[in-house]
file run.tsv (TSV, C-alpha atoms)
chain	number	residue	atom	x	y	z
A	20	MET	CA	0.00	0.00	0.00
A	21	LYS	CA	1.31	3.41	-0.98
A	22	ALA	CA	0.17	6.97	-0.34
A	23	LEU	CA	-0.01	9.98	-2.63
A	24	ILE	CA	-0.26	13.38	-0.91
A	25	LEU	CA	-1.02	16.42	-3.03
A	26	SER	CA	0.96	19.51	-2.09
A	27	GLY	CA	0.85	21.63	-5.24
A	28	GLY	CA	-1.62	24.30	-6.29
A	29	LYS	CA	-1.41	28.07	-6.02
A	30	GLY	CA	-3.23	28.57	-2.70
A	31	THR	CA	-5.24	31.54	-3.96
A	32	ARG	CA	-7.75	31.32	-1.11
A	33	LEU	CA	-5.04	31.86	1.51
A	34	ARG	CA	-3.43	34.89	-0.07
A	35	PRO	CA	-1.53	36.99	0.90
A	36	LEU	CA	0.18	34.23	2.94
A	37	THR	CA	0.58	31.99	-0.11
A	38	TYR	CA	2.16	34.63	-2.34
A	39	SER	CA	5.43	33.67	-0.69
A	40	GLY	CA	4.93	30.08	0.46
A	41	ALA	CA	3.08	26.80	0.06
A	42	LYS	CA	-0.37	26.65	1.61
A	43	GLN	CA	0.34	23.14	2.88
A	44	LEU	CA	3.18	24.52	5.02
A	45	VAL	CA	1.03	27.07	6.84
A	46	PRO	CA	1.12	25.86	10.45
A	47	VAL	CA	-1.75	24.57	12.55
A	48	ALA	CA	-0.76	24.42	16.24
A	49	ASN	CA	2.80	25.20	15.11
A	50	LYS	CA	3.01	22.25	12.73
A	51	PRO	CA	2.62	22.46	8.92
A	52	VAL	CA	-0.75	21.19	7.73
A	53	LEU	CA	1.02	18.79	5.36
A	54	TRP	CA	2.78	17.02	8.23
A	55	TYR	CA	-0.50	15.93	9.81
A	56	GLY	CA	-1.31	13.98	6.66
A	57	ILE	CA	2.13	12.35	6.61
A	58	GLU	CA	1.82	11.38	10.26
A	59	GLU	CA	-1.65	9.93	9.65
A	60	MET	CA	-0.26	7.73	6.86
A	61	VAL	CA	2.58	6.45	9.01
A	62	ALA	CA	0.23	5.81	11.95
A	63	ALA	CA	-1.95	3.74	9.62
A	64	GLY	CA	1.08	1.70	8.54
A	65	ILE	CA	1.73	3.36	5.16
A	66	THR	CA	5.34	4.49	4.92
A	67	ASP	CA	5.97	4.65	1.14
A	68	ILE	CA	4.69	8.14	0.36
A	69	GLY	CA	4.74	10.22	-2.82
A	70	ILE	CA	4.19	13.98	-2.55
A	71	ILE	CA	3.01	16.00	-5.53
A	72	ILE	CA	4.71	19.40	-5.59
A	73	SER	CA	4.58	22.43	-7.87
A	74	PRO	CA	7.58	24.19	-9.46
A	75	GLU	CA	6.78	27.36	-7.49
A	76	THR	CA	6.72	25.94	-3.95
A	77	GLY	CA	8.17	22.45	-4.36
A	78	ALA	CA	11.65	23.33	-3.15
A	79	GLU	CA	10.21	24.85	0.03
A	80	VAL	CA	8.04	21.79	0.68
A	81	GLN	CA	10.95	19.43	0.04
A	82	GLY	CA	13.39	21.48	2.10
A	83	LYS	CA	11.13	21.66	5.14
A	84	THR	CA	9.72	18.12	4.99
A	85	GLY	CA	12.82	16.21	3.93
A	86	ASN	CA	13.10	12.59	2.83
A	87	GLY	CA	10.63	11.33	5.42
A	88	GLU	CA	13.17	9.91	7.86
A	89	CYS	CA	11.92	12.07	10.74
A	90	PHE	CA	8.39	10.67	10.20
A	91	GLY	CA	9.47	7.04	9.82
A	92	ALA	CA	8.59	7.17	6.13
A	93	ASN	CA	10.24	7.16	2.70
A	94	ILE	CA	9.11	10.20	0.70
A	95	THR	CA	9.36	10.57	-3.07
A	96	TYR	CA	8.69	14.00	-4.59
A	97	ILE	CA	6.84	14.26	-7.91
A	98	VAL	CA	6.65	17.60	-9.77
A	99	GLN	CA	3.36	18.58	-11.39
A	100	ASP	CA	4.43	21.29	-13.84
A	101	GLN	CA	0.93	22.73	-14.27
A	102	PRO	CA	-2.14	22.55	-11.97
A	103	LEU	CA	-4.10	20.34	-14.36
A	104	GLY	CA	-6.30	18.59	-11.83
A	105	LEU	CA	-6.26	15.88	-9.17
A	106	ALA	CA	-6.60	13.09	-11.73
A	107	HIS	CA	-3.65	14.51	-13.64
A	108	ALA	CA	-1.61	14.38	-10.42
A	109	VAL	CA	-2.48	10.68	-10.09
A	110	GLN	CA	-1.60	10.13	-13.74
A	111	ILE	CA	1.91	11.57	-13.46
A	112	ALA	CA	2.50	9.61	-10.24
A	113	ARG	CA	2.02	6.25	-11.95
A	114	PRO	CA	5.77	5.49	-12.18
A	115	PHE	CA	5.87	5.82	-8.37
A	116	LEU	CA	2.57	4.06	-7.65
A	117	GLY	CA	2.90	1.20	-10.14
A	118	ASP	CA	0.04	-1.27	-9.73
A	119	SER	CA	-0.10	-0.86	-5.98
A	120	PRO	CA	-3.37	0.12	-4.32
A	121	PHE	CA	-2.99	3.55	-2.78
A	122	VAL	CA	-4.59	6.27	-0.74
A	123	MET	CA	-4.72	9.81	-2.13
A	124	TYR	CA	-4.79	12.62	0.43
A	125	LEU	CA	-5.14	16.33	-0.24
A	126	GLY	CA	-2.32	17.99	1.68
A	127	ASP	CA	-4.33	21.01	2.86
A	128	ASN	CA	-7.05	18.83	4.44
A	129	LEU	CA	-7.28	17.71	8.03
A	130	ILE	CA	-9.39	14.82	9.26
A	131	GLN	CA	-9.76	13.77	12.86
A	132	LEU	CA	-6.61	11.98	13.90
A	133	GLY	CA	-6.96	8.19	13.84
A	134	GLU	CA	-9.83	8.08	11.32
A	135	LEU	CA	-7.64	7.01	8.40
A	136	ARG	CA	-6.74	3.64	9.92
A	137	TYR	CA	-10.39	2.52	10.06
A	138	PHE	CA	-11.07	3.34	6.40
A	139	LEU	CA	-7.83	1.68	5.34
A	140	GLN	CA	-9.03	-1.49	7.07
A	141	GLN	CA	-12.35	-1.32	5.20
A	142	PHE	CA	-10.56	-0.85	1.88
A	143	SER	CA	-8.18	-3.73	2.56
A	144	GLN	CA	-10.98	-6.09	3.61
A	145	GLN	CA	-13.43	-5.28	0.81
A	146	GLN	CA	-10.85	-4.59	-1.93
A	147	PRO	CA	-13.12	-2.31	-4.00
A	148	ASP	CA	-11.87	-0.38	-7.01
A	149	ALA	CA	-12.42	2.87	-5.16
A	150	LEU	CA	-13.46	3.95	-1.67
A	151	ILE	CA	-14.55	7.53	-1.12
A	152	LEU	CA	-15.35	9.47	2.04
A	153	LEU	CA	-18.35	11.78	2.29
A	154	ARG	CA	-19.39	14.44	4.73
A	155	SER	CA	-22.52	16.61	4.97
A	156	VAL	CA	-21.68	20.28	4.38
A	157	ALA	CA	-23.61	23.53	4.32
A	158	ASN	CA	-22.10	24.72	1.00
A	159	PRO	CA	-21.87	21.69	-1.31
A	160	SER	CA	-21.37	23.85	-4.42
A	161	ALA	CA	-17.80	24.47	-3.25
A	162	PHE	CA	-16.92	20.74	-3.36
A	163	GLY	CA	-17.20	17.58	-5.38
A	164	VAL	CA	-20.65	16.21	-4.47
A	165	ALA	CA	-22.02	12.66	-4.38
A	166	GLN	CA	-25.55	11.49	-5.11
A	167	VAL	CA	-26.38	8.23	-3.37
A	168	ASP	CA	-29.47	6.04	-3.28
A	169	GLU	CA	-31.35	4.90	-0.19
A	170	THR	CA	-28.95	1.97	0.26
A	171	GLY	CA	-25.93	4.24	0.19
A	172	ARG	CA	-24.77	3.17	-3.30
A	173	VAL	CA	-22.98	5.94	-5.19
A	174	LEU	CA	-24.95	6.97	-8.27
A	175	GLN	CA	-23.22	10.10	-9.44
A	176	LEU	CA	-20.33	12.43	-8.64
A	177	ILE	CA	-20.26	16.06	-9.76
A	178	GLU	CA	-17.42	18.52	-9.31
A	179	LYS	CA	-18.56	21.85	-7.76
A	180	PRO	CA	-22.13	21.74	-9.15
A	181	LYS	CA	-24.21	24.90	-9.41
A	182	VAL	CA	-27.26	22.86	-8.38
A	183	PRO	CA	-25.99	20.16	-6.00
A	184	PRO	CA	-27.89	16.84	-6.01
A	185	SER	CA	-27.11	16.43	-2.29
A	186	ASN	CA	-25.16	18.01	0.54
A	187	LEU	CA	-22.64	15.15	0.64
A	188	ALA	CA	-19.19	16.52	-0.17
A	189	LEU	CA	-16.22	14.38	-1.07
A	190	VAL	CA	-13.64	14.57	1.68
A	191	GLY	CA	-10.11	14.95	0.34
A	192	VAL	CA	-9.18	11.31	1.03
A	193	TYR	CA	-9.59	8.56	-1.59
A	194	PHE	CA	-8.57	4.89	-1.82
A	195	PHE	CA	-7.94	3.41	-5.29
A	196	SER	CA	-6.93	0.21	-7.01
A	197	HIS	CA	-4.78	0.39	-10.16
A	198	LEU	CA	-7.97	0.59	-12.28
A	199	ILE	CA	-8.09	4.32	-11.59
A	200	PHE	CA	-5.38	4.79	-14.22
A	201	ASP	CA	-7.58	3.27	-16.92
A	202	ALA	CA	-10.42	5.53	-15.79
A	203	ILE	CA	-8.21	8.63	-16.04
A	204	ALA	CA	-7.12	7.62	-19.53
A	205	ASN	CA	-10.79	7.62	-20.61
A	206	ILE	CA	-11.85	11.06	-19.37
A	207	GLN	CA	-11.48	14.53	-20.87
A	208	PRO	CA	-10.54	17.81	-19.18
A	209	SER	CA	-13.46	19.62	-17.59
A	210	SER	CA	-14.59	23.15	-18.39
A	211	ARG	CA	-11.94	24.27	-15.89
A	212	GLY	CA	-9.28	22.67	-18.08
A	213	GLU	CA	-8.53	20.04	-15.46
A	214	LEU	CA	-8.72	16.26	-15.27
A	215	GLU	CA	-11.19	15.85	-12.43
A	216	ILE	CA	-10.87	12.93	-10.04
A	217	THR	CA	-14.67	12.97	-9.74
A	218	ASP	CA	-14.94	12.25	-13.48
A	219	ALA	CA	-12.50	9.35	-13.15
A	220	ILE	CA	-14.49	7.84	-10.27
A	221	GLN	CA	-17.70	8.40	-12.24
A	222	TYR	CA	-16.14	6.42	-15.10
A	223	LEU	CA	-15.57	3.52	-12.71
A	224	ILE	CA	-19.22	3.75	-11.61
A	225	ASN	CA	-20.41	3.78	-15.23
A	226	GLN	CA	-18.28	0.71	-15.94
A	227	GLN	CA	-19.99	-1.13	-13.06
A	228	LYS	CA	-16.81	-1.24	-11.02
A	229	GLN	CA	-17.08	-1.41	-7.27
A	230	VAL	CA	-17.11	2.08	-5.74
A	231	VAL	CA	-18.02	2.25	-2.06
A	232	ALA	CA	-18.65	5.29	0.10
A	233	TYR	CA	-18.42	5.92	3.83
A	234	ASN	CA	-19.62	8.91	5.78
A	235	LEU	CA	-16.88	10.51	7.83
A	236	GLN	CA	-18.00	10.70	11.45
A	237	GLY	CA	-15.16	12.78	12.89
A	238	TRP	CA	-14.29	16.34	11.98
A	239	TRP	CA	-12.88	17.35	8.63
A	240	LEU	CA	-11.52	20.72	7.53
A	241	ASP	CA	-10.21	22.09	4.28
A	242	THR	CA	-7.68	24.65	5.53
A	243	GLY	CA	-7.66	26.65	2.30
A	244	LYS	CA	-9.26	29.74	3.87
A	245	LYS	CA	-8.34	31.85	6.89
A	246	ASP	CA	-11.37	30.98	9.00
A	247	ASP	CA	-10.96	27.26	8.26
A	248	LEU	CA	-7.30	27.49	9.24
A	249	LEU	CA	-8.23	29.13	12.54
A	250	GLU	CA	-10.89	26.48	13.18
A	251	ALA	CA	-8.37	23.72	12.51
A	252	ASN	CA	-5.97	25.41	14.92
A	253	ARG	CA	-8.73	25.55	17.56
A	254	LEU	CA	-9.64	21.89	17.12
A	255	ILE	CA	-6.05	20.65	17.33
A	256	LEU	CA	-5.28	22.75	20.41
A	257	ASP	CA	-8.56	21.80	22.05
A	258	THR	CA	-8.15	18.09	21.41
A	259	TYR	CA	-4.47	17.20	21.44
A	260	LEU	CA	-2.39	19.86	23.21
A	261	THR	CA	-0.57	18.79	26.36
A	262	ALA	CA	0.97	21.21	28.84
A	263	SER	CA	4.74	21.64	28.66
A	264	VAL	CA	6.66	24.71	29.78
A	265	VAL	CA	10.41	24.61	29.17
A	266	GLY	CA	11.00	28.33	28.52
A	267	GLU	CA	11.71	31.01	31.13
A	268	ILE	CA	8.67	32.40	33.01
A	269	ASP	CA	9.14	35.29	35.41
A	270	ALA	CA	7.37	35.61	38.77
A	271	GLN	CA	4.93	38.27	37.50
A	272	SER	CA	3.56	36.02	34.76
A	273	GLN	CA	0.54	33.78	35.08
A	274	ILE	CA	0.05	30.55	33.12
A	275	ILE	CA	-3.48	29.16	33.17
A	276	GLY	CA	-4.65	25.89	31.63
A	277	ARG	CA	-2.90	23.81	28.97
A	278	VAL	CA	0.04	25.82	27.63
A	279	GLN	CA	3.18	24.77	25.74
A	280	ILE	CA	6.20	27.06	25.73
A	281	GLY	CA	9.33	26.08	23.84
A	282	VAL	CA	13.01	26.25	24.74
A	283	LYS	CA	14.77	29.62	25.01
A	284	SER	CA	11.45	31.48	25.04
A	285	LYS	CA	11.08	34.24	27.63
A	286	VAL	CA	7.77	35.31	29.17
A	287	ILE	CA	7.84	38.55	31.19
A	288	ASN	CA	4.83	40.00	33.01
A	289	CYS	CA	2.31	38.14	30.85
A	290	THR	CA	-0.94	36.27	31.33
A	291	ILE	CA	-1.32	33.21	29.09
A	292	ARG	CA	-4.62	31.38	29.16
A	293	GLY	CA	-4.64	28.04	27.35
A	294	PRO	CA	-4.96	26.19	25.21
A	295	VAL	CA	-1.97	28.03	23.74
A	296	VAL	CA	1.22	26.85	22.04
A	297	ILE	CA	4.32	29.06	21.92
A	298	GLY	CA	7.40	27.99	19.99
A	299	SER	CA	11.08	28.32	20.83
A	300	ASN	CA	13.19	31.46	21.10
A	301	CYS	CA	10.18	33.77	21.51
A	302	HIS	CA	10.05	36.97	23.58
A	303	LEU	CA	6.73	37.92	25.21
A	304	GLU	CA	6.50	40.95	27.46
A	305	ASN	CA	3.49	42.71	28.99
A	306	CYS	CA	1.08	40.57	26.97
A	307	PHE	CA	-2.22	38.78	27.33
A	308	ILE	CA	-2.39	35.63	25.19
A	309	GLY	CA	-5.89	34.20	25.10
A	310	PRO	CA	-7.16	30.73	24.24
A	311	TYR	CA	-6.68	29.06	20.86
A	312	SER	CA	-3.55	30.97	19.92
A	313	SER	CA	-0.50	29.48	18.22
A	314	ILE	CA	2.75	31.44	18.23
A	315	ALA	CA	5.58	30.06	16.09
A	316	ASN	CA	9.33	30.18	16.72
A	317	ASN	CA	11.29	33.44	16.97
A	318	VAL	CA	8.23	35.65	17.53
A	319	THR	CA	8.38	38.91	19.52
A	320	LEU	CA	5.24	40.19	21.24
A	321	ILE	CA	5.45	43.32	23.42
A	322	ASP	CA	2.51	45.22	24.94
A	323	THR	CA	0.12	43.07	22.92
A	324	ASP	CA	-3.19	41.30	23.56
A	325	LEU	CA	-4.39	38.50	21.29
A	326	GLU	CA	-6.54	35.40	21.20
A	327	HIS	CA	-7.82	32.83	18.69
A	328	SER	CA	-4.98	33.73	16.31
A	329	VAL	CA	-2.04	32.18	14.48
A	330	ILE	CA	1.27	34.06	14.49
A	331	LEU	CA	3.87	32.73	12.07
A	332	GLU	CA	7.63	32.47	12.51
A	333	GLY	CA	9.67	35.60	13.08
A	334	ALA	CA	6.72	38.01	13.38
A	335	LYS	CA	7.06	41.06	15.62
A	336	ILE	CA	4.04	42.80	17.17
A	337	VAL	CA	4.54	45.76	19.48
A	338	GLY	CA	2.25	48.18	21.28
A	339	ILE	CA	-1.19	46.74	20.51
A	340	HIS	CA	-3.36	46.96	23.61
A	341	GLN	CA	-6.53	46.53	21.56
A	342	ARG	CA	-7.11	42.81	21.39
A	343	ILE	CA	-6.16	41.03	18.18
A	344	ILE	CA	-8.66	38.22	17.49
A	345	ASP	CA	-9.38	35.77	14.67
A	346	SER	CA	-6.15	36.75	12.90
A	347	VAL	CA	-3.34	35.16	10.92
A	348	ILE	CA	-0.04	37.10	10.89
A	349	GLY	CA	2.57	36.02	8.33
A	350	GLN	CA	6.25	35.18	8.73
A	351	ARG	CA	8.51	38.07	9.69
A	352	ALA	CA	5.60	40.53	9.58
A	353	GLN	CA	5.99	43.62	11.75
A	354	LEU	CA	2.98	45.31	13.30
A	355	ASN	CA	3.23	48.48	15.37
A	356	LEU	CA	0.23	50.48	16.58
A	357	ALA	CA	-0.02	53.71	18.51
A	358	PRO	CA	-2.56	53.81	21.39
A	359	ARG	CA	-6.18	53.81	20.25
A	360	PRO	CA	-9.60	53.35	21.85
A	361	PRO	CA	-10.11	49.72	22.91
A	362	LYS	CA	-11.62	47.47	20.28
A	363	ALA	CA	-10.95	44.12	18.65
A	364	LEU	CA	-8.79	43.94	15.55
A	365	ARG	CA	-8.90	41.22	12.87
A	366	PHE	CA	-6.01	40.72	10.47
A	367	MET	CA	-4.88	38.55	7.60
A	368	ILE	CA	-1.30	39.71	7.04
A	369	GLY	CA	1.16	38.07	4.67
A	370	ASP	CA	4.86	37.36	5.08
A	371	ASP	CA	7.41	40.16	5.44
A	372	CYS	CA	4.84	42.97	5.80
A	373	GLN	CA	5.42	46.05	7.95
A	374	ILE	CA	2.31	47.85	9.18
A	375	GLU	CA	1.96	50.95	11.32
A	376	LEU	CA	-1.47	52.29	12.32
A	377	THR	CA	-1.63	55.65	14.07
call {"tool": "encode", "arguments": {"input": "run.tsv", "output": "structure tokens"}}
result
Amino acid sequence: MKALILSGGKGTRLRPLTYSGAKQLVPVANKPVLWYGIEEMVAAGITDIGIIISPETGAEVQGKTGNGECFGANITYIVQDQPLGLAHAVQIARPFLGDSPFVMYLGDNLIQLGELRYFLQQFSQQQPDALILLRSVANPSAFGVAQVDETGRVLQLIEKPKVPPSNLALVGVYFFSHLIFDAIANIQPSSRGELEITDAIQYLINQQKQVVAYNLQGWWLDTGKKDDLLEANRLILDTYLTASVVGEIDAQSQIIGRVQIGVKSKVINCTIRGPVVIGSNCHLENCFIGPYSSIANNVTLIDTDLEHSVILEGAKIVGIHQRIIDSVIGQRAQLNLAPRPPKALRFMIGDDCQIELT
């Protein structure tokens, strides 16, 4: 069994962050989204992993993720020169996949940890030609959608329909036999100019091949937008964070609840109310850090209040007594504010920005 994780694409929904980096490397609870997928594969017993990368961000993905040794995996990188669809990504990965059954996982998706193992067991026991995961959503037009009959048999799959036949969206996790390659060879690009994986699965259905569907019971998030990224951060912190303080905390600071603070980080006259994760080599002074905040390595926060926010590596925020909420601040961004009447501030700030509000 092999795994194919997709880590290409342009990340337009997460701009400005993704003007300068891969969306799959944006951190959730101080860990790149992509790494959760890799860890899920290894936990399920799949260690031979191919990662689809783009020419624009592939070097960054490869440099940060490595050859897989730190995950207990063997990673092969496969370049998709143009974003020509999920089925195209599978097609160009055939030299890596061979005739092995495989799981395909979209690298900017998160499913509840531990779910993958159960569906892998179902796929291995039943040995269908495809196994898809479905989840009820409020906005099915934004996803591939499945129409099923009263017995749960898949009748039709449609990619981002204007008039959805159901509210059952395809989760970004698929299990395939080698027959998917024949299906891809028999489909044409969609109106978007892409080879759609939904069309390939529909071909298998039309050919009376065995396609089974399961409803995902745990949570699932596509982290392609800011609010989804923040929700993923909240869920991970709420569910999996354990307290660990190895940085320096002065006597005037107060740590409440589950908080992680990394090595060489200094906390001076601050209140930190968990769940919160703070990376290494950070400097926090005269701050309030509220629940569901993730602060990456090498961040400086002085005279700042924030909660339910993600602060990326190397950012510097000084002099903001109005509370920052529901925000994502990019790498090395600098934010300085003069005193203003108290109110909440919401930001989506890309890498290397410098902002002064007076």
call {"tool": "closest_residue", "arguments": {"input": "run.tsv", "among": "A:Ile57, A:Leu116, A:Ala232, A:Val318", "to": "A:Phe200", "atoms": "only C-alpha atoms"}}
result
A:Leu116
call {"tool": "atom_distance", "arguments": {"input": "run.tsv", "atom1": "atom CA of A:Leu150", "atom2": "atom CA of A:Gln131"}}
result
17.9 Å
call {"tool": "closest_residue", "arguments": {"input": "run.tsv", "among": "A:Glu58, A:Ser209, A:Asp322, A:Leu240", "to": "A:His107", "atoms": "only C-alpha atoms"}}
result
A:Ser209
call {"tool": "closest_residue", "arguments": {"input": "run.tsv", "among": "A:Ala188, A:Val98, A:Ala334, A:Ala62", "to": "A:Pro159", "atoms": "only C-alpha atoms"}}
result
A:Ala188
call {"tool": "closest_residue", "arguments": {"input": "run.tsv", "among": "A:Cys301, A:Leu174, A:Ile330, A:Ala41", "to": "A:Asp345", "atoms": "all atoms listed in the file"}}
result
A:Ile330
call {"tool": "residues_around", "arguments": {"input": "run.tsv", "residues": "A:Asn205", "least_positions_apart": "6", "cutoff": "12 Å", "atoms": "all atoms listed in the file", "output": "list of chain:residue names"}}
result
A:Ala106, A:Gln110, A:Leu198, A:Ile199, A:Leu214, A:Glu215, A:Ile216, A:Asp218, A:Ala219, A:Ile220, A:Gln221, A:Tyr222, A:Leu223, A:Asn225, A:Gln226
call {"tool": "residues_around", "arguments": {"input": "run.tsv", "residues": "A:Lys21", "least_positions_apart": "4", "cutoff": "7 Å", "atoms": "all atoms listed in the file", "output": "list of chain:residue names"}}
result
A:Ile65, A:Asp67, A:Ile68, A:Leu116, A:Ser119, A:Pro120, A:Phe121, A:Val122
